[in-house]
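One structure is given below, encoded as structure tokens.
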Amino acid sequence: MLSAIVLTLSMVTINPYNGLPIKATYNSLTNDVKKQVTCLADNIYHEAAFEPMQGQRAVAFVTLNRVKSGNYAETICEVVYQKTGKTCQFSWFCEKGLTISNREVYNQIREMATYIVVNYDKLDDVTEGATYYHADYVNPHWKLEKVNQIGRHIFYKRKGDEIDRNKEFF
């Protein structure tokens with residue numbers, strides 16, 4: 001029992017100025033919120049399913065930071081499925097035939113996505129406001145401010161970008 005509590009607490013970073021995190025499960029959400037959380041979980045799964053948990057959280061924060069920045073689409077689903085011309089913002093979305101091959105991992109990611117969406121304003125952003133990332137084996141030659149590297153992804157933000165943490169997701 002104690003190890004489960006320690007493991008749970010090690011996954012949570014709380015901003016002490018915003019109070020305690022809210023505990024919620026995917027099944028307790030409204031249908032509209034479930035749809036947005038599912039889009040986020042799909043994005044985390046296809047971008048970072050087998051990355052360390054911090055890497056999965058980082059992908060979630062980049063996705064949510066895009067919503068909060070006002071420079072991208074208005075909802076989580078719109079951000080995940082956003083294209084610029086024929087280029088997908090998240091490469092997996094342009095790939096055909098992708099499926100959820102590991103349902104257990106997906107369900108864990110979906111619960112993590114639920115937790116992050118519900119508690120976004122209470123959690124420390126592991127990406128420090130990043131709105132971009134790429135795998136460490138590519139070099140897109142972006143002229144962006146490098147924030148950090150977590151797992152196989154390198155995270156960036158545009159200088160001057162501000163994230164409105166109070167803006168709604170839906």
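The chains in the structure tokens are called A, B, ... from first to last as shown; in each chain the residues are counted from 1, and the ligands are counted from 1 in the order shown.
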Skip Glu162 of chain A itself and residues of its chain fewer than 3 positions away, then list as a list in words all residues within 12 Å of it, counting only C-alpha atoms. Asn65, Arg66, Val67, Lys68, Ser69, Gly70, Asn71, Glu128, Gly129, Ala130, Thr131, Lys157, Arg158, Lys159, Arg165, Asn166 and Lys167 of chain A
Using the chain letters and numbers from this document, which residues of chain A does DSSP assign to alpha helix (DSSP H), as a ChimeraX atom specification? /A:2-10,31-48,53-69,76-80,103-119
Exercise: Ala135 of chain A partners within 10 Å, only C-alpha atoms, chain neighbours under 6 positions left out, as a PyMOL selection string: chain A and resi 47-48+149-155
Would you list the contacts of segment 27-39 of chain A as a list in words, taking every protein, DNA or RNA residue within 6 Å and counting only C-alpha atoms, but skipping same-chain residues closer than 2 positions in sequence? Thr25, Ala41, Asp42, Ile76, Cys77 and Thr114 of chain A
Written file, previous selection with all heavy atoms, as a short mmCIF file (atom, residue, chain, number, x, y, z; two decimals), in the first residue's frame:
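Writing done, so here's out.cif:
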```
data_model
loop_
_atom_site.label_atom_id
_atom_site.label_comp_id
_atom_site.auth_asym_id
_atom_site.auth_seq_id
_atom_site.Cartn_x
_atom_site.Cartn_y
_atom_site.Cartn_z
N THR A 25 -11.69 10.37 -12.73
CA THR A 25 -11.45 9.26 -13.65
C THR A 25 -12.11 9.59 -14.98
O THR A 25 -13.03 10.42 -15.04
CB THR A 25 -12.05 7.94 -13.11
OG1 THR A 25 -13.46 8.09 -13.02
CG2 THR A 25 -11.46 7.56 -11.76
N ALA A 41 -5.33 11.70 -25.27
CA ALA A 41 -4.76 10.36 -25.03
C ALA A 41 -4.28 9.75 -26.34
O ALA A 41 -3.21 9.12 -26.38
CB ALA A 41 -5.81 9.46 -24.37
N ASP A 42 -5.04 9.91 -27.42
CA ASP A 42 -4.60 9.40 -28.72
C ASP A 42 -3.27 10.04 -29.12
O ASP A 42 -2.36 9.35 -29.60
CB ASP A 42 -5.65 9.70 -29.81
CG ASP A 42 -6.91 8.88 -29.67
OD1 ASP A 42 -6.95 7.92 -28.86
OD2 ASP A 42 -7.88 9.19 -30.40
N ILE A 76 -8.73 20.92 -27.63
CA ILE A 76 -7.70 19.87 -27.67
C ILE A 76 -7.81 19.08 -28.96
O ILE A 76 -6.81 18.88 -29.66
CB ILE A 76 -7.83 18.94 -26.44
CG1 ILE A 76 -7.57 19.73 -25.15
CG2 ILE A 76 -6.88 17.76 -26.56
CD1 ILE A 76 -7.94 19.01 -23.88
N CYS A 77 -9.01 18.63 -29.31
CA CYS A 77 -9.18 17.84 -30.54
C CYS A 77 -8.76 18.63 -31.77
O CYS A 77 -8.10 18.10 -32.67
CB CYS A 77 -10.61 17.34 -30.68
SG CYS A 77 -11.05 16.07 -29.46
N THR A 114 -6.63 12.38 -18.43
CA THR A 114 -7.74 12.89 -17.62
C THR A 114 -7.20 13.73 -16.48
O THR A 114 -7.63 14.87 -16.26
CB THR A 114 -8.58 11.73 -17.06
OG1 THR A 114 -9.11 10.97 -18.14
CG2 THR A 114 -9.69 12.22 -16.16
#
```
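The nearest approach to Tyr81 of chain A among the residues A:Glu95, A:Asp136, A:Glu145, A:Glu168, with only C-alpha atoms taken into account, belongs to A:Glu95.
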May I have all residues of chain A that DSSP, computed from the backbone, assigns to strand (DSSP E), given as a PDB file with C-alpha atoms, in the first residue's frame?
```
ATOM      1  CA  LYS A  83      -3.043  20.737 -40.365  1.00  0.00           C
ATOM      2  CA  THR A  84      -1.090  23.482 -42.061  1.00  0.00           C
ATOM      3  CA  THR A  87       1.237  18.945 -43.053  1.00  0.00           C
ATOM      4  CA  CYS A  88      -0.107  17.546 -39.801  1.00  0.00           C
ATOM      5  CA  TYR A 132       6.826  22.417 -30.181  1.00  0.00           C
ATOM      6  CA  TYR A 133       8.874  19.240 -30.014  1.00  0.00           C
ATOM      7  CA  HIS A 134      10.548  16.737 -32.276  1.00  0.00           C
ATOM      8  CA  ALA A 135      12.260  13.385 -31.946  1.00  0.00           C
ATOM      9  CA  GLU A 145      14.146  28.548 -27.978  1.00  0.00           C
ATOM     10  CA  LYS A 146      15.137  25.061 -26.843  1.00  0.00           C
ATOM     11  CA  VAL A 147      13.594  24.326 -23.458  1.00  0.00           C
ATOM     12  CA  ASN A 148      14.744  20.796 -22.634  1.00  0.00           C
ATOM     13  CA  GLN A 149      14.905  17.170 -23.694  1.00  0.00           C
ATOM     14  CA  ILE A 150      12.771  14.497 -22.104  1.00  0.00           C
ATOM     15  CA  HIS A 153      11.888  14.360 -27.637  1.00  0.00           C
ATOM     16  CA  ILE A 154      13.405  17.849 -27.645  1.00  0.00           C
ATOM     17  CA  PHE A 155      11.046  20.657 -26.589  1.00  0.00           C
ATOM     18  CA  TYR A 156      10.918  24.263 -27.816  1.00  0.00           C
ATOM     19  CA  LYS A 157       8.952  27.465 -27.552  1.00  0.00           C
TER      20      LYS A 157
END
```
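Of the listed residues (A:Lys143, A:Lys96, A:Ile116, A:Val138), A:Ile116 comes nearest to Arg57 of chain A; the distances count only C-alpha atoms.
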Using only C-alpha atoms, the best pick from A:Gly97, A:Gln89, A:Met112, A:Leu40 as closest to Tyr72 of chain A would be A:Gln89
